[in-house]
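Working notes for the structure below.
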Amino acid sequence: MILPQLLQESLKQGKVIPFVGAGVSMSVLAQSGKPLFPSWKALLVAAAERLEAEKKPDDEALVRSLVNKGRFLDAAKEAQQGLGANWHDFLKSQFDKTSDQAQDASLMLAKLVWQLGSELVVTTNFDNVLHWACPKTLDIEKWNIEAAVEQCNLLRDSVRKPTIWHLHGHIGDSANIILTPDGYSRLYANDPSENRYKAAIQTLHHQLASRNFLFIGFSLADEDFTDQLRMLEELYQGAAGPHYVLLPESQSGSFKSPTSAIEPVFFRDFGEPLLECLTDMAAIVNAKTDPSITINTVVADYSPDKPVFYVPFRAKGEQMIGRREALEQVHHQLCDGKRTSIGQTAAFQGLGGLGKTQLAVEYAHAYRSEYPNGVIWINADQEITPQLIKLAEEAHWVSPLSEQPFKIQTALRRLRETSDCLIVFDNLEQLADIKEFLPKPQFNPHILVTSRIDQPGFNPVALNTLTPELGLQLLIQEAGREPDGEQEIQAANGIVERLDGLPLALELAGAYLRRRHAVSWREYLELLSDNPRLAFPAHLQGESLTHHEADIYATLKINESLFEEEPSLREVLDFLTWSGSAPMALSLLCASLGQDKPSALTGALSLGIALRILQRSDDGERYAIHRLVREVRREDVALETRGNWVESFGKRLSDWFEAHRQDFRDLPVFEAGLDHLEAWRQNAECVGFTLLVVRMIWLQAYPSYHWGRYVHAKCEIERALNLYEQSSNPDAALQAHLLDDLAIVTSEAGDTKAALKLEEKALAIRRKLYGECHSDTAHSLANIAFCFAKLRKYDKALELGEEALAIRFKLHGEGSFDTAISLNNVAGYYSDLGKHDKALELGRQALNIQLKLFGEEHPHTAVSLHNISIFLSSLKKRKEAFELGRRALLIRQKLLGDAHPDTILSQHNVICTLRNSGRKAEAVQLFQVQFPKLKPGDPHYHYFLELRSELFSGFRKTSQKSGKSKKRR
């Protein structure tokens, strides 16, 4: 055993005060041979069992969860609150023992404490072990936290009889025992006006300044003990030390003093070796020589070569969820990755709340053994010079009595001229802040930074938000409880989705649920949706182990320097902030920002993705802003004062949707953007741009039209038209669009006469706006012709249809989409007039154009195939008619689904063709499958009634005629 020289001198002079911890009491055995007193953990487990017996399952689960996380003080607090009035009885059952319950031989460690030359023994234990072990039992005095008169006497003189100072209280006064964070705060309060135990603290201060404490029965693995030491140091800066703690040699490799005032004294092991250690110290007190004691001249030495593990935060260890891959990546980068001009570097970068700092902490703890010269942590967003002074002192590179410039110089030299170490610069804002602290070129430390922005010279390591599965795992871990029942599970998943995988937000949400047991998962989700600020109250922000984030909203604010690097990133973020939450198509994003080429946004998007402000879909074609960043920026980017901005972006966004509204191939990307169309409709409504709102409502009706939901589409267009009529700013082109499309869906819904009136209004407006030779005029003519055909005015339909065809042919040529539509329609009118050969000729022309433009699998191709099938059937070419009709049906089933009106029409055509071909049994079989799916009022229901009367006897015929697909666009 090696004892520091100063400790030996203090023992000889009687200046050592034993400070006794739980380990001394835990060494005492009951007559049964088992420990008489519980450990910290065993005490809290027993409290949980008592809560279980008291039928308090929520409190029991919370205490067990906190114990499993090693948060013993918090667990004690929850146990005390849970047990209420039974808390004191519980403590007495654990600590209020009598001496006859203990094996006398097991009191040897406590007896040796009294042989260390001090009449005063300080302890944080609540029991009577030191009383039992004292050789002067009848003379002993006990102080319960504060004994004002006696402690004042101690300040003037020393105690004259054996005295046990129960610093945290005694079991005889269980109501005042300090066992929770609140008790610690009352005892060690920095503000004297708030300090309930002023005399006790003054006494402790005096003893810390004038005597040497020897901590016995403590472990530096006990975080509550190390927290206590830090409290003492913060309370009495400059007054403490040196003090000593007895530790087993097994802890020597991982030892890091929690304060600069504590030095370790290592003994071989618990049991006899520890007793021998105290016996040797007692021998020094009694001025006996012992050859086993040697003077340690190294422990007290100061050297800039000493390795140090200087990391100010605790590791989560196994509780760190979803980050193992990132740890391995940064390890690979630092060890084997490409060097930069700065050296072997890596960077965790991204938006606030990703857990960059905690991940750096985890890396430092996980790989500390690979850095023989230590690990150094610098908070780059704080003044660095004071950190260097503290670092030099705590690392024992210099004496605390050295001049400040020498401390700074020593620490700076250590930073710049040491290899085989890890240096962490946390929360770096700009490289200039740390430039003078970076290593010289000939040295090779590993340098890890965390930053919210891209840092030149540091190789970035991807740090993603958590997946929904990992996010749920983290949320449940932090909440300390599982969602119960299907609704609660759905709510928990909803919380994870809304927080979008951001670790800090998930931790704070879990903390809220843990502290408020009465709040259900569903209730918290509602709170999060209605008022996110209330869902993250300020007093929970300290739940993060790194204690960086005073406010999650401040944490998620974007650093303005990003916009200097990529100016267009601001526009991207502002636009996405006020768009929907779904990922946005790159083409829509570019169009809305007025960019013709995606390459114009490449730099901004790649930077946003690298920092995890933006998220990119797997196909690389869609982008979204992080949900919580979106919430924060909505407070910074107010709409009310940016009316022109809303109008400009809303118009460009609407232009994109209008350009993609007609082609079925664009329907997936159109529908994927509806979330954004609705968001900007609300934005336009907010700032009072009525015509923009009308236009967006109109565009929202198109998916319903494409999918055959004509009633719903009609309602949307009527809503838009009603709002338009309330506007004081006319827009004739928009009005014509509304009337035209309302006519289309009205006709599809069965009211052809009303549709005709609407279409005639649209035609009049377009003729006035554009004249005769314009695509919109031709469009209205084609639609009016369609209405006349449905009203069986086939000659009028043919006249107007051919007029529309002539305009389209002149404007677009013979191979255009519009020309093909008119060819299809005119072909139908010829068929209605009995001119089936002419109809077939025009129908085949239309089909050739459709195949060339769209290929086989497209609804317009199916229209041509369907119509030609009807023309062939009329010409009694039934075999070919069946094949083409079946092709049309298969295309429509695949693209539109079985319930679409066009698919139903194709089903009708195929059944009719089978019947006319003498294949009645097959026709009946298909009819019996399809007809039960239809209801009166469904499109084409009347065609099936007619068909039923032809397939089955006993049903009356109707006057309806078999329908053709005459697409008007």
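Following the order of the structure tokens, chains are lettered A, B, ..., residues in each are numbered from 1, and ligands are numbered from 1.
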10 Å contact set for Leu601 in chain A, only C-alpha atoms, chain neighbours under 6 positions out, as a ChimeraX atom specification:
/A:566,568-569,572,586,589-590,593,595
Which residues are close to range 88-97 of chain A, i.e. within 8 Å by only C-alpha atoms, leaving aside same-chain residues fewer than 3 positions away? Reply as a PDB file with N, CA, C and O atoms, in the first residue's frame.
ATOM      1  N   PHE A  37     -27.723  -4.088   6.650  1.00  0.00           N
ATOM      2  CA  PHE A  37     -28.266  -2.871   6.040  1.00  0.00           C
ATOM      3  C   PHE A  37     -28.233  -2.989   4.519  1.00  0.00           C
ATOM      4  O   PHE A  37     -27.343  -3.616   3.963  1.00  0.00           O
ATOM      5  N   PRO A  38     -29.194  -2.364   3.862  1.00  0.00           N
ATOM      6  CA  PRO A  38     -29.266  -2.488   2.402  1.00  0.00           C
ATOM      7  C   PRO A  38     -28.291  -1.536   1.709  1.00  0.00           C
ATOM      8  O   PRO A  38     -27.905  -0.497   2.255  1.00  0.00           O
ATOM      9  N   LEU A  43     -32.123  -0.808  -1.181  1.00  0.00           N
ATOM     10  CA  LEU A  43     -33.111   0.002  -0.465  1.00  0.00           C
ATOM     11  C   LEU A  43     -34.247   0.415  -1.399  1.00  0.00           C
ATOM     12  O   LEU A  43     -35.436   0.301  -1.051  1.00  0.00           O
ATOM     13  N   ALA A  47     -38.201  -0.470  -1.632  1.00  0.00           N
ATOM     14  CA  ALA A  47     -39.256   0.546  -1.687  1.00  0.00           C
ATOM     15  C   ALA A  47     -40.253   0.221  -2.795  1.00  0.00           C
ATOM     16  O   ALA A  47     -41.468   0.377  -2.631  1.00  0.00           O
ATOM     17  N   ALA A  85     -47.231   8.860   3.712  1.00  0.00           N
ATOM     18  CA  ALA A  85     -47.089   8.760   5.173  1.00  0.00           C
ATOM     19  C   ALA A  85     -46.363   7.488   5.600  1.00  0.00           C
ATOM     20  O   ALA A  85     -45.822   7.415   6.709  1.00  0.00           O
ATOM     21  N   GLN A 101     -28.466  -7.270  16.928  1.00  0.00           N
ATOM     22  CA  GLN A 101     -28.791  -7.888  15.655  1.00  0.00           C
ATOM     23  C   GLN A 101     -27.549  -8.080  14.787  1.00  0.00           C
ATOM     24  O   GLN A 101     -27.600  -8.767  13.777  1.00  0.00           O
ATOM     25  N   PHE A 126     -27.479   6.720   7.975  1.00  0.00           N
ATOM     26  CA  PHE A 126     -28.576   7.046   8.886  1.00  0.00           C
ATOM     27  C   PHE A 126     -28.605   6.149  10.130  1.00  0.00           C
ATOM     28  O   PHE A 126     -29.357   6.403  11.070  1.00  0.00           O
ATOM     29  N   ASP A 127     -27.813   5.083  10.134  1.00  0.00           N
ATOM     30  CA  ASP A 127     -27.921   4.044  11.160  1.00  0.00           C
ATOM     31  C   ASP A 127     -27.009   4.331  12.357  1.00  0.00           C
ATOM     32  O   ASP A 127     -26.382   5.389  12.444  1.00  0.00           O
ATOM     33  N   ASN A 128     -26.927   3.337  13.265  1.00  0.00           N
ATOM     34  CA  ASN A 128     -26.174   3.499  14.530  1.00  0.00           C
ATOM     35  C   ASN A 128     -24.864   2.711  14.556  1.00  0.00           C
ATOM     36  O   ASN A 128     -24.296   2.491  15.622  1.00  0.00           O
ATOM     37  N   ILE A 171     -31.738   8.076  11.622  1.00  0.00           N
ATOM     38  CA  ILE A 171     -32.997   7.345  11.578  1.00  0.00           C
ATOM     39  C   ILE A 171     -33.895   7.681  12.749  1.00  0.00           C
ATOM     40  O   ILE A 171     -35.123   7.525  12.676  1.00  0.00           O
ATOM     41  N   GLY A 172     -33.312   8.201  13.814  1.00  0.00           N
ATOM     42  CA  GLY A 172     -34.129   8.623  14.945  1.00  0.00           C
ATOM     43  C   GLY A 172     -35.003   9.822  14.629  1.00  0.00           C
ATOM     44  O   GLY A 172     -35.955  10.107  15.342  1.00  0.00           O
ATOM     45  N   SER A 174     -36.454  10.460  11.302  1.00  0.00           N
ATOM     46  CA  SER A 174     -36.598  10.053   9.894  1.00  0.00           C
ATOM     47  C   SER A 174     -37.289  11.109   9.044  1.00  0.00           C
ATOM     48  O   SER A 174     -37.111  11.144   7.827  1.00  0.00           O
ATOM     49  N   ALA A 175     -38.060  11.994   9.670  1.00  0.00           N
ATOM     50  CA  ALA A 175     -38.775  13.014   8.894  1.00  0.00           C
ATOM     51  C   ALA A 175     -37.821  13.985   8.228  1.00  0.00           C
ATOM     52  O   ALA A 175     -38.160  14.606   7.216  1.00  0.00           O
TER      53      ALA A 175
END
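The space between CA of Ile389 in chain A and CA of Val308 in chain A spans 14.1 Å.
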So which residues touch Val285 in chain A within 10 Å, counting only C-alpha atoms, skipping near sequence neighbours fewer than 2 positions away, as JSON, numbers by chain?
{"A": [8, 9, 10, 11, 12, 13, 14, 16, 115, 116, 117, 118, 279, 280, 281, 282, 283, 287, 288]}
Mind listing the alpha helix (DSSP H) residues of range 881-921 of chain A, per DSSP on the backbone, as a PyMOL selection string?
chain A and resi 881-896+901-916+920-921
Interatomic distance, CA of Arg681 in chain A to CA of Val694 in chain A (Å, one decimal):
8.4 Å
